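S.K.: What follows is run-v1.txt, made up of compact mmCIF, C-alpha atoms:
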# COMPACT_ATOMS: atom_id res chain seq x y z
CA MET A 790 56.10 -15.28 63.71
CA THR A 791 53.96 -17.81 65.64
CA ASN A 792 56.94 -19.19 67.55
CA LEU A 793 58.14 -15.68 68.37
CA LEU A 794 54.72 -14.66 69.63
CA ARG A 795 54.73 -17.72 71.82
CA ASN A 796 58.06 -16.63 73.30
CA VAL A 797 56.81 -13.13 74.17
CA ALA A 798 53.20 -14.07 74.93
CA ALA A 799 53.79 -13.93 78.69
CA LEU A 800 55.04 -10.35 78.40
CA ILE A 801 52.09 -9.19 76.31
CA ILE A 802 49.60 -11.00 78.56
CA ALA A 803 51.10 -9.38 81.66
CA ILE A 804 50.91 -5.84 80.34
CA THR A 805 47.41 -6.44 78.94
CA ILE A 806 46.19 -7.46 82.40
CA LEU A 807 47.89 -4.40 83.87
CA GLN A 808 46.21 -2.13 81.32
CA LEU A 809 42.82 -3.50 82.31
CA ALA A 810 43.52 -1.96 85.71
CA GLY A 811 44.67 1.24 84.00
CA GLY A 812 41.45 1.52 82.03
CA LEU A 813 39.36 0.87 85.11
CA LEU A 814 41.18 3.55 87.11
CA GLY A 815 40.96 6.03 84.25
CA VAL A 816 37.21 6.28 84.85
CA ARG A 817 37.03 5.49 88.54
CA LEU A 818 39.55 8.10 89.74
CA PRO A 819 37.74 11.25 88.55
CA LEU A 820 34.35 9.92 89.66
CA ALA A 821 35.60 9.01 93.13
CA PHE A 822 37.27 12.42 93.48
CA ALA A 823 34.22 14.33 92.26
CA ASN A 824 33.59 16.03 95.62
CA HIS A 825 36.85 17.94 95.29
CA SER A 826 37.61 20.84 92.98
CA ARG A 827 38.78 20.18 89.44
CA THR A 828 42.00 22.01 90.27
CA GLU A 829 42.71 19.38 92.93
CA LEU A 830 41.87 16.62 90.47
CA GLY A 831 44.32 18.20 88.03
CA VAL A 832 47.01 18.11 90.73
CA VAL A 833 46.34 14.42 91.32
CA ALA A 834 46.49 13.66 87.60
CA ALA A 835 49.71 15.63 87.24
CA SER A 836 51.17 13.78 90.25
CA TYR A 837 50.81 10.50 88.37
CA SER A 838 52.68 11.86 85.35
CA ALA A 839 55.36 13.36 87.58
CA GLY A 840 55.77 9.97 89.23
CA PHE A 841 56.09 8.42 85.80
CA MET A 842 58.94 10.81 85.06
CA MET A 843 60.67 9.89 88.32
CA GLY A 844 60.28 6.19 87.57
CA ALA A 845 61.94 6.80 84.23
CA MET A 846 64.93 8.35 85.98
CA ILE A 847 65.67 5.26 88.06
CA ALA A 848 64.69 2.58 85.54
CA THR A 849 68.17 2.01 84.17
CA THR A 850 69.72 1.67 87.62
CA LEU A 851 67.09 -0.71 88.97
CA LEU A 852 67.00 -2.95 85.91
CA SER A 853 70.78 -3.32 85.94
CA ARG A 854 70.99 -4.02 89.66
CA VAL A 855 68.15 -6.43 90.41
CA GLY A 856 66.86 -7.69 87.05
CA HIS A 857 63.63 -7.44 85.15
CA ILE A 858 61.50 -10.02 86.98
CA ARG A 859 62.24 -8.60 90.44
CA VAL A 860 61.56 -5.05 89.30
CA TYR A 861 58.25 -6.08 87.76
CA ALA A 862 57.09 -8.04 90.82
CA ALA A 863 58.04 -5.27 93.26
CA CYS A 864 56.43 -2.50 91.18
CA ALA A 865 53.22 -4.45 90.57
CA ALA A 866 52.94 -4.88 94.35
CA ILE A 867 53.55 -1.15 94.95
CA PHE A 868 50.99 -0.24 92.30
CA ALA A 869 48.41 -2.51 93.94
CA VAL A 870 49.04 -1.01 97.40
CA ALA A 871 48.95 2.56 96.05
CA THR A 872 45.60 1.80 94.40
CA LEU A 873 44.09 0.30 97.55
CA ALA A 874 45.30 3.31 99.55
CA LEU A 875 42.96 5.54 97.55
CA HIS A 876 40.00 3.97 99.33
CA PHE A 877 41.24 4.88 102.80
CA THR A 878 41.79 8.59 102.32
CA THR A 879 40.07 11.49 100.61
CA ASP A 880 42.46 14.45 100.88
CA VAL A 881 44.23 15.69 97.79
CA TRP A 882 47.77 15.37 99.13
CA SER A 883 47.37 11.73 100.13
CA TRP A 884 45.86 10.96 96.75
CA GLY A 885 48.68 12.87 95.08
CA VAL A 886 51.32 10.83 96.91
CA ALA A 887 49.53 7.56 96.15
CA ARG A 888 49.19 8.41 92.47
CA MET A 889 52.79 9.54 92.29
CA ALA A 890 53.87 6.17 93.71
CA ALA A 891 51.62 4.49 91.14
CA GLY A 892 53.22 6.55 88.35
CA VAL A 893 56.73 5.53 89.42
CA SER A 894 55.65 1.90 89.49
CA VAL A 895 53.91 1.94 86.11
CA ALA A 896 56.93 3.58 84.45
CA LEU A 897 59.11 0.75 85.71
CA LEU A 898 56.55 -1.89 84.75
CA PHE A 899 56.55 -0.65 81.17
CA ALA A 900 60.33 -0.46 81.27
CA VAL A 901 60.48 -4.16 82.09
CA ILE A 902 57.99 -5.29 79.46
CA GLU A 903 59.09 -3.13 76.55
CA SER A 904 62.80 -3.59 77.13
CA TRP A 905 62.25 -7.33 77.34
CA LEU A 906 60.30 -7.26 74.08
CA ALA A 907 63.00 -5.17 72.42
CA PHE A 908 65.56 -7.75 73.55
CA SER A 909 63.51 -10.73 72.35
CA ILE A 910 62.24 -9.79 68.88
CA HIS A 911 64.03 -9.49 65.55
CA SER A 912 63.77 -6.41 63.37
CA ARG A 913 62.08 -8.41 60.60
CA VAL A 914 58.97 -8.94 62.70
CA ARG A 915 59.00 -5.95 65.02
CA GLY A 916 56.09 -4.25 63.24
CA GLU A 917 53.90 -7.34 63.58
CA ILE A 918 54.78 -7.79 67.24
CA MET A 919 54.11 -4.11 67.93
CA SER A 920 50.73 -4.46 66.21
CA VAL A 921 49.78 -7.30 68.53
CA TYR A 922 51.11 -5.36 71.51
CA MET A 923 49.19 -2.22 70.57
CA VAL A 924 45.91 -4.04 69.90
CA CYS A 925 46.06 -5.91 73.21
CA THR A 926 46.99 -2.92 75.35
CA LYS A 927 44.54 -0.48 73.80
CA ALA A 928 41.77 -3.07 73.84
CA ALA A 929 42.50 -3.56 77.56
CA LEU A 930 42.28 0.20 78.17
CA ALA A 931 38.92 0.24 76.37
CA LEU A 932 37.57 -2.80 78.27
CA GLY A 933 38.99 -1.97 81.70
CA PRO A 934 36.31 0.58 82.69
CA PHE A 935 33.60 -2.06 82.36
CA PHE A 936 35.10 -4.02 85.27
CA ALA A 937 33.69 -1.36 87.59
CA LEU A 938 30.40 -0.71 85.81
CA ASN A 939 27.42 -0.01 88.11
CA TYR A 940 29.54 0.46 91.23
CA ALA A 941 28.93 3.64 93.22
CA PRO A 942 31.78 6.18 93.18
CA GLU A 943 32.53 5.52 96.86
CA ALA A 944 32.40 1.71 96.57
CA PRO A 945 35.60 -0.15 97.52
CA GLU A 946 35.22 -2.88 94.91
CA PRO A 947 36.74 -1.00 91.93
CA TRP A 948 39.94 -0.33 93.90
CA MET A 949 40.07 -3.99 94.91
CA ILE A 950 39.54 -5.14 91.33
CA ALA A 951 42.26 -2.84 89.99
CA ALA A 952 44.71 -3.97 92.69
CA ALA A 953 43.87 -7.61 92.00
CA LEU A 954 44.53 -7.15 88.28
CA ALA A 955 47.91 -5.56 89.03
CA ALA A 956 48.83 -8.49 91.27
CA LEU A 957 47.57 -10.98 88.70
CA SER A 958 49.80 -9.45 86.03
CA MET A 959 52.82 -10.76 87.97
CA VAL A 960 51.90 -14.37 87.26
CA PRO A 961 52.92 -14.56 83.55
CA ILE A 962 56.18 -12.72 84.29
CA CYS A 963 57.19 -14.89 87.23
CA PHE A 964 56.52 -18.12 85.33
CA THR A 965 57.90 -17.20 81.91
CA GLU A 966 60.75 -19.22 80.43
CA THR A 967 61.88 -16.34 78.19
CA ALA A 968 65.43 -15.18 78.96
CA GLN A 969 65.78 -11.80 80.66
CA PRO A 970 67.54 -8.98 78.77
CA ASP A 971 71.11 -7.92 79.38
CA PRO A 972 71.62 -5.01 81.82
CA PRO A 973 70.89 -1.65 80.13
CA LYS A 974 73.17 1.34 79.71
CA ALA A 975 72.08 4.96 79.81
CA GLN A 976 72.19 7.54 77.04
CA PRO A 977 71.78 11.31 77.47
CA LEU A 978 68.57 12.97 76.31
CA ALA A 979 70.06 15.86 74.30
CA LEU A 980 66.67 17.60 73.97
CA VAL A 981 68.00 20.68 72.20
CA GLU A 982 69.66 18.52 69.58
CA GLN A 983 66.47 16.55 69.05
CA PHE A 984 64.36 19.66 68.62
CA ALA A 985 66.82 20.84 65.99
CA THR A 986 66.59 17.42 64.30
CA ALA A 987 62.78 17.15 64.15
CA PRO A 988 60.90 20.11 65.67
CA ALA A 989 57.57 18.84 64.35
CA ALA A 990 58.01 15.56 66.25
CA VAL A 991 58.76 17.40 69.48
CA ILE A 992 55.81 19.77 69.04
CA GLY A 993 53.47 16.89 68.22
CA ALA A 994 54.56 14.83 71.22
CA PHE A 995 54.20 17.77 73.61
CA GLY A 996 50.77 18.59 72.17
CA ALA A 997 49.64 14.99 72.63
CA GLY A 998 50.66 14.99 76.28
CA LEU A 999 49.26 18.46 76.95
CA VAL A 1000 45.80 17.67 75.59
CA ASN A 1001 45.31 13.97 76.24
CA GLY A 1002 46.40 13.93 79.89
CA GLY A 1003 43.88 16.55 80.92
CA VAL A 1004 41.03 15.42 78.70
CA LEU A 1005 41.22 11.80 79.80
CA ALA A 1006 41.36 12.88 83.45
CA LEU A 1007 38.37 15.23 83.25
CA ALA A 1008 36.16 13.92 80.43
CA PRO A 1009 34.58 11.21 82.65
CA LEU A 1010 33.25 14.04 84.83
CA TYR A 1011 31.72 15.67 81.76
CA ALA A 1012 30.00 12.40 80.86
CA ALA A 1013 28.81 11.75 84.42
CA GLN A 1014 27.53 15.32 84.81
CA HIS A 1015 25.41 15.21 81.65
CA TYR A 1016 24.57 11.52 81.15
CA GLY A 1017 25.14 9.67 84.44
CA ALA A 1018 28.02 7.75 85.99
CA ASN A 1019 27.74 4.77 83.63
CA ALA A 1020 28.18 7.07 80.62
CA ALA A 1021 31.68 7.88 81.88
CA THR A 1022 32.65 4.26 81.27
CA ALA A 1023 31.37 4.31 77.70
CA PHE A 1024 33.02 7.70 77.09
CA PHE A 1025 36.46 6.57 78.19
CA SER A 1026 36.20 3.28 76.33
CA ALA A 1027 35.04 5.01 73.13
CA ALA A 1028 38.16 7.20 72.97
CA TYR A 1029 40.55 4.26 73.09
CA THR A 1030 38.45 2.27 70.66
CA GLY A 1031 38.62 5.15 68.18
CA SER A 1032 42.39 5.32 68.52
CA LEU A 1033 42.72 1.57 68.13
CA LEU A 1034 40.80 1.63 64.86
CA LEU A 1035 42.48 4.68 63.28
CA GLN A 1036 46.10 4.60 64.43
CA TRP A 1037 47.28 1.84 62.14
CA PRO A 1038 45.64 3.21 58.93
CA ALA A 1039 46.97 6.67 59.78
CA GLY A 1040 50.43 5.24 60.31
CA ARG A 1041 50.38 3.41 57.00
CA LEU A 1042 49.25 6.60 55.29
CA SER A 1043 52.17 8.44 56.88
CA ASP A 1044 54.53 6.00 55.13
CA ARG A 1045 53.31 7.38 51.81
CA VAL A 1046 52.89 11.11 52.52
CA ASP A 1047 54.62 13.63 54.76
CA ARG A 1048 54.08 12.51 58.35
CA ARG A 1049 53.60 16.12 59.45
CA LEU A 1050 50.52 16.37 57.26
CA VAL A 1051 49.11 13.23 58.86
CA ILE A 1052 49.73 14.65 62.34
CA ALA A 1053 47.98 17.84 61.22
CA ALA A 1054 44.99 15.86 59.96
CA LEU A 1055 44.70 13.84 63.17
CA ALA A 1056 45.01 16.98 65.29
CA ALA A 1057 42.31 18.61 63.15
CA ILE A 1058 39.99 15.64 63.71
CA ALA A 1059 40.56 15.89 67.46
CA GLY A 1060 40.09 19.66 67.40
CA VAL A 1061 36.79 19.53 65.51
CA ALA A 1062 35.44 16.83 67.83
CA ALA A 1063 36.52 18.76 70.93
CA PHE A 1064 34.97 21.95 69.53
CA ALA A 1065 31.68 20.10 68.93
CA LEU A 1066 31.62 18.78 72.51
CA ALA A 1067 32.36 22.24 73.89
CA LEU A 1068 29.85 24.06 71.68
CA TRP A 1069 26.95 21.67 72.22
CA SER A 1070 27.76 20.70 75.78
CA GLY A 1071 24.71 19.18 77.44
CA GLN A 1072 22.59 19.47 74.30
CA LEU A 1073 23.72 16.21 72.69
CA SER A 1074 22.17 12.84 73.33
CA SER A 1075 24.33 10.33 75.18
CA SER A 1076 24.99 8.27 72.05
CA ALA A 1077 25.91 11.37 70.01
CA ALA A 1078 28.33 12.59 72.67
CA ILE A 1079 29.97 9.16 72.91
CA LEU A 1080 30.28 9.02 69.12
CA ILE A 1081 31.96 12.44 69.01
CA PHE A 1082 34.34 11.43 71.80
CA PHE A 1083 35.10 8.30 69.80
CA VAL A 1084 36.11 10.61 66.94
CA TRP A 1085 38.18 12.72 69.34
CA GLY A 1086 40.05 9.62 70.53
CA ALA A 1087 40.65 8.50 66.95
CA GLY A 1088 42.46 11.75 66.26
CA GLY A 1089 43.82 12.88 69.62
CA LEU A 1090 45.16 9.54 70.83
CA SER A 1091 46.76 8.58 67.51
CA PHE A 1092 49.20 11.31 66.48
CA TYR A 1093 51.81 10.67 69.19
CA GLY A 1094 52.85 7.50 67.35
CA ILE A 1095 53.24 9.42 64.09
CA ALA A 1096 55.43 11.98 65.90
CA VAL A 1097 57.69 9.17 67.12
CA ALA A 1098 57.90 7.84 63.57
CA HIS A 1099 58.85 11.28 62.27
CA MET A 1100 61.66 11.52 64.83
CA ALA A 1101 62.84 8.02 63.88
CA ASP A 1102 63.00 9.11 60.23
CA ARG A 1103 65.34 11.97 61.07
CA ALA A 1104 67.39 10.47 63.90
CA GLU A 1105 71.01 9.61 63.23
CA PRO A 1106 71.90 5.90 63.05
CA GLY A 1107 72.54 4.53 66.51
CA LYS A 1108 70.50 7.22 68.27
CA ILE A 1109 66.98 5.80 68.14
CA ALA A 1110 66.97 5.11 71.88
CA GLN A 1111 68.16 8.63 72.65
CA SER A 1112 65.55 10.13 70.33
CA ALA A 1113 62.77 7.98 71.79
CA ALA A 1114 63.79 9.08 75.29
CA GLY A 1115 63.61 12.74 74.29
CA ILE A 1116 60.21 12.42 72.64
CA LEU A 1117 58.86 10.56 75.65
CA PHE A 1118 60.21 13.20 78.03
CA VAL A 1119 58.45 15.94 76.06
CA TRP A 1120 55.19 13.96 75.96
CA ALA A 1121 55.35 13.36 79.72
CA ALA A 1122 56.08 17.04 80.40
CA GLY A 1123 52.94 17.92 78.46
CA SER A 1124 50.93 15.34 80.41
CA VAL A 1125 52.00 17.02 83.67
CA ILE A 1126 51.18 20.54 82.48
CA GLY A 1127 47.85 19.72 80.80
CA PRO A 1128 45.87 18.66 83.92
CA LEU A 1129 47.33 21.54 85.92
CA ILE A 1130 45.89 23.98 83.36
CA MET A 1131 42.60 22.23 82.71
CA GLY A 1132 41.67 21.74 86.37
CA PRO A 1133 41.44 25.47 87.20
CA LEU A 1134 39.73 26.12 83.86
CA VAL A 1135 36.95 23.73 84.83
CA ASP A 1136 36.60 25.30 88.28
CA PHE A 1137 36.20 28.78 86.78
CA PHE A 1138 34.35 28.06 83.54
CA GLY A 1139 32.76 24.62 83.91
CA VAL A 1140 33.51 21.17 82.52
CA PRO A 1141 33.04 22.16 78.84
CA SER A 1142 36.15 24.34 79.12
CA VAL A 1143 38.18 21.11 78.94
CA PHE A 1144 37.06 20.73 75.34
CA TRP A 1145 37.54 24.40 74.50
CA PHE A 1146 41.14 24.07 75.66
CA ALA A 1147 41.55 20.78 73.79
CA ALA A 1148 40.15 22.30 70.59
CA VAL A 1149 42.47 25.32 70.72
CA ALA A 1150 45.53 23.19 71.56
CA ALA A 1151 44.76 20.75 68.73
CA ALA A 1152 44.38 23.67 66.32
CA LEU A 1153 47.78 24.98 67.36
CA VAL A 1154 49.37 21.57 66.79
CA CYS A 1155 47.74 21.41 63.36
CA ALA A 1156 49.01 24.89 62.48
CA ALA A 1157 52.50 24.05 63.73
CA MET A 1158 52.65 21.01 61.46
CA PHE A 1159 51.82 23.08 58.39
CA TRP A 1160 54.37 25.69 59.49
CA ARG A 1161 57.11 23.09 59.85
CA GLN A 1162 56.16 21.38 56.59
CA SER A 1163 56.46 24.64 54.70
CA ALA A 1164 59.60 25.73 56.57
CA ARG A 1165 61.60 22.57 55.93
CA GLU A 1166 60.90 19.76 53.51
CA GLY A 1167 61.98 16.42 54.91
CA PRO A 1168 64.90 14.82 53.07
CA GLU A 1169 64.03 11.51 54.64
CA THR A 1170 60.78 11.03 52.71
CA ALA A 1171 62.21 8.47 50.29
CA THR A 1172 63.94 6.42 52.98
CA LYS A 1173 61.62 6.77 55.95
CA GLU A 1174 61.14 3.83 58.27
CA GLU A 1175 57.95 1.84 57.78
CA PHE A 1176 55.41 2.85 60.42
CA ALA A 1177 54.95 0.65 63.46
CA PRO A 1178 52.32 1.43 66.12
CA GLN A 1179 53.59 3.36 69.14
CA MET A 1180 52.19 4.32 72.51
CA GLY A 1181 53.37 6.85 75.04
CA THR A 1182 54.70 4.34 77.52
CA SER A 1183 58.46 3.99 77.44
CA VAL A 1184 61.59 4.59 75.43
CA SER A 1185 61.73 0.91 74.64
CA ALA A 1186 58.53 1.12 72.63
CA GLY A 1187 60.37 3.28 70.13
CA GLU A 1188 63.13 0.71 69.99
CA ILE A 1189 60.70 -2.13 69.39
CA ALA A 1190 58.93 -0.20 66.66
CA TYR A 1191 61.90 1.18 64.77
CA GLY A 1192 64.88 -0.89 65.81
CA GLU A 1193 68.45 0.20 66.54
CA ASP A 1194 71.49 -0.08 64.31
CA ASP A 1195 73.96 0.11 67.17
CA ALA A 1196 73.91 -3.10 69.19
CA ALA A 1197 75.10 -1.39 72.35
CA ALA A 1198 72.43 1.26 72.02
CA ALA A 1199 69.85 -1.44 71.46
CA ALA A 1200 70.73 -2.87 74.84
CA SER A 1201 70.53 0.60 76.36
CA ALA A 1202 67.07 1.06 74.92
CA THR A 1203 65.79 -1.55 77.31
CA THR A 1204 64.84 1.13 79.80
CA VAL A 1205 61.82 3.36 80.13
CA ALA A 1206 63.74 6.58 80.05
CA GLN A 1207 67.13 7.88 80.99
CA ALA A 1208 65.80 11.16 82.37
CA PRO A 1209 62.72 12.53 84.11
CA ARG A 1210 59.51 11.90 82.35
In structure tokens, what does this structure look like?
M.R.:
Amino acid sequence: MTNLLRNVAALIIAITILQLAGGLLGVRLPLAFANHSRTELGVVAASYSAGFMMGAMIATTLLSRVGHIRVYAACAAIFAVATLALHFTTDVWSWGVARMAAGVSVALLFAVIESWLAFSIHSRVRGEIMSVYMVCTKAALALGPFFALNYAPEAPEPWMIAAALAALSMVPICFTETAQPDPPKAQPLALVEQFATAPAAVIGAFGAGLVNGGVLALAPLYAAQHYGANAATAFFSAAYTGSLLLQWPAGRLSDRVDRRLVIAALAAIAGVAAFALALWSGQLSSSAAILIFFVWGAGGLSFYGIAVAHMADRAEPGKIAQSAAGILFVWAAGSVIGPLIMGPLVDFFGVPSVFWFAAVAAALVCAAMFWRQSAREGPETATKEEFAPQMGTSVSAGEIAYGEDDAAAAASATTVAQAPR
């Protein structure tokens, strides 16, 4: 295990540095765009997810043509430039284009890292490696906002710091001695087939994207409006800290009981927390609001991984990569739609409407899990794969977590996605 970690340390370090920039931007973007309508902010947030989907489409082609190191270096540079560009313009369309370029780049960056990890680790230790990967990346997302603490929303330094972190993440990749993966091969998504295989997994993944994309884009504005700009940093960090602490125990529990019930429980936790924030908006102390958002993150940011595990339980041998691609596509589609709905809601009904929407959506996910559990008992319960932590980043994460019986498909899983995401 120690030797293997040493072999993939450069990959994990690189993506951890990159996620520090992601965490910083997660708070800085809505605060810097605060003078625009929330509908426009929703368009910008959706542009990033749409770019991520486009990056997924071209990942296989680029990785096979120019190799992993060149793709990573080029995309880290594009991400840095797209981030710096945000300081030099204020109109929604320029920001939308910049964030779309950033989304394309980040999709390809995750494609490189996760496919490389999938290529480098053995199935016997994949759960341990994924645990390290998850802890490092989620800790970086939680710590990233503090790199820009106390800077004014219009200050250029946060953009410079984020761009510098993206550039710095190239260093471990360019100097690693770990062998690059073989060129990937594409597999079709077959979304209809996957919904028929595990409808609860598809519903859970879509619900996670629908709710989390919009809430994470708009919640910093809620915190800044009621508790000041610095509270937005603590808010964002609290959500990822909650997820980091609960996701693994929830995953282990899902190994012992029906995963759909665990998804329902996590969605219920997120729904209750969102309902509390909506109902008592502005009446809570700063610490109480942060604590409740911590609880929301523990539930809302954790059930995507359980949905991936449920799909892995039901997927046919040799089709893990295909199933992971489908789940990721559905999650990304939800993350495009969510901000587009929540932005206008905030403009018409105020910032608390984000949490009303999140509470209702989480309740629907919870109800859907009970419906699916009663409609079809899972025959895979006795032979389900042991849970490994999973994030909504790329198809390869599913491969790392749950492996692949077909060697050719394992190579193909070294891409972010074989279709729009």
S.K.: Write out as a ChimeraX atom specification the residues lying within 10 Å of region 859-870 of chain A, counting all atoms listed in the file and excluding same-chain residues fewer than 5 positions away.
M.R.: /A:803,807,810,848,851-854,875,887-902,948-960,962-963
S.K.: Using all atoms listed in the file, which of the listed residues (A:Ala994, A:Val1097, A:Leu1068, A:Val855) sits closest to Val1143 (chain A)?
M.R.: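 Closest to Val1143 (chain A) of all the choices is A:Leu1068.
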S.K.: Considering all atoms listed in the file, return as a PyMOL selection string whatever protein or nucleic-acid residues lie within 9 Å of Val1149 (chain A), sequence-local ones (same chain, fewer than 5 positions apart) excluded.
M.R.: chain A and resi 1060+1063-1064+1144+1154
S.K.: For the selection you just gave me, I'd like the residues written to a file as a short mmCIF file (atom, residue, chain, number, x, y, z; two decimals), keeping the file's coordinate frame, keeping C-alpha atoms.
M.R.:
data_model
loop_
_atom_site.label_atom_id
_atom_site.label_comp_id
_atom_site.auth_asym_id
_atom_site.auth_seq_id
_atom_site.Cartn_x
_atom_site.Cartn_y
_atom_site.Cartn_z
CA GLY A 1060 40.09 19.66 67.40
CA ALA A 1063 36.52 18.76 70.93
CA PHE A 1064 34.97 21.95 69.53
CA PHE A 1144 37.06 20.73 75.34
CA VAL A 1154 49.37 21.57 66.79
#
S.K.: Which residue is closest to Leu1033 (chain A)? Choose from A:Ala968, A:Ala798, A:Ala928, A:Leu1005 and count all atoms listed in the file.
M.R.: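 So, comparing all the options, the nearest one is A:Ala928.
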S.K.: Go through A:Gly812, A:Gly885, A:Pro1133, A:Gly1123 one by one, measure the shortest atom-to-atom distance of each to Ser836 (chain A) using all atoms listed in the file, and give the residue with the smallest value.
M.R.: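 Closest to Ser836 (chain A), using all atoms listed in the file: A:Gly885.
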S.K.: At most 12 Å from (36.0, 3.9, 75.4), file frame, only C-alpha atoms: which residues, as a count of residues only?
M.R.: 44
S.K.: To one decimal place, how far is CA of Ile910 (chain A) from CA of Thr805 (chain A) in Å?
M.R.: 18.2 Å
S.K.: Rounded to one decimal, what separation in Å do you get between CA of Ile802 (chain A) and CA of Gly1003 (chain A)?
M.R.: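 If I compute the distance from CA of Ile802 (chain A) to CA of Gly1003 (chain A), I get 28.2 Å.
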S.K.: Looking at A:Ala990, A:Ala1152, A:Leu814, A:Val924, which one is nearest to Ala1101 (chain A), with distances taken over all atoms listed in the file?
M.R.: A:Ala990
S.K.: CA of Leu1007 (chain A) and CA of Val991 (chain A), how far apart in Å?
M.R.: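 Computing the Euclidean distance for CA of Val991 (chain A) and CA of Leu1007 (chain A) yields 24.7 Å.
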S.K.: Could you tell me which of A:Tyr1016, A:Trp1145, A:Tyr940, A:Phe1159 comes closest to Arg1048 (chain A) if we count all atoms listed in the file?
M.R.: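 Nearest candidate to Arg1048 (chain A) out of A:Tyr1016, A:Trp1145, A:Tyr940, A:Phe1159: A:Phe1159.
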S.K.: If we count all atoms listed in the file and set the cut-off at 8 Å, which residues sit around Pro1141 (chain A), ignoring sequence neighbours fewer than 4 positions away in its own chain? Please answer as a list of chain:residue names.
M.R.: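 Once the nearby chain positions are removed, what remains is A:Tyr1011, A:Leu1066, A:Ala1067, A:Ser1070, A:Val1135, A:Trp1145.
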S.K.: Given the choices A:Gly840, A:Gln969, A:Phe1146, A:Thr878, which gets closest to His857 (chain A) if the distance is worked out from only C-alpha atoms?
M.R.: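 Of A:Gly840, A:Gln969, A:Phe1146, A:Thr878, the one nearest His857 (chain A) is A:Gln969, counting only C-alpha atoms.
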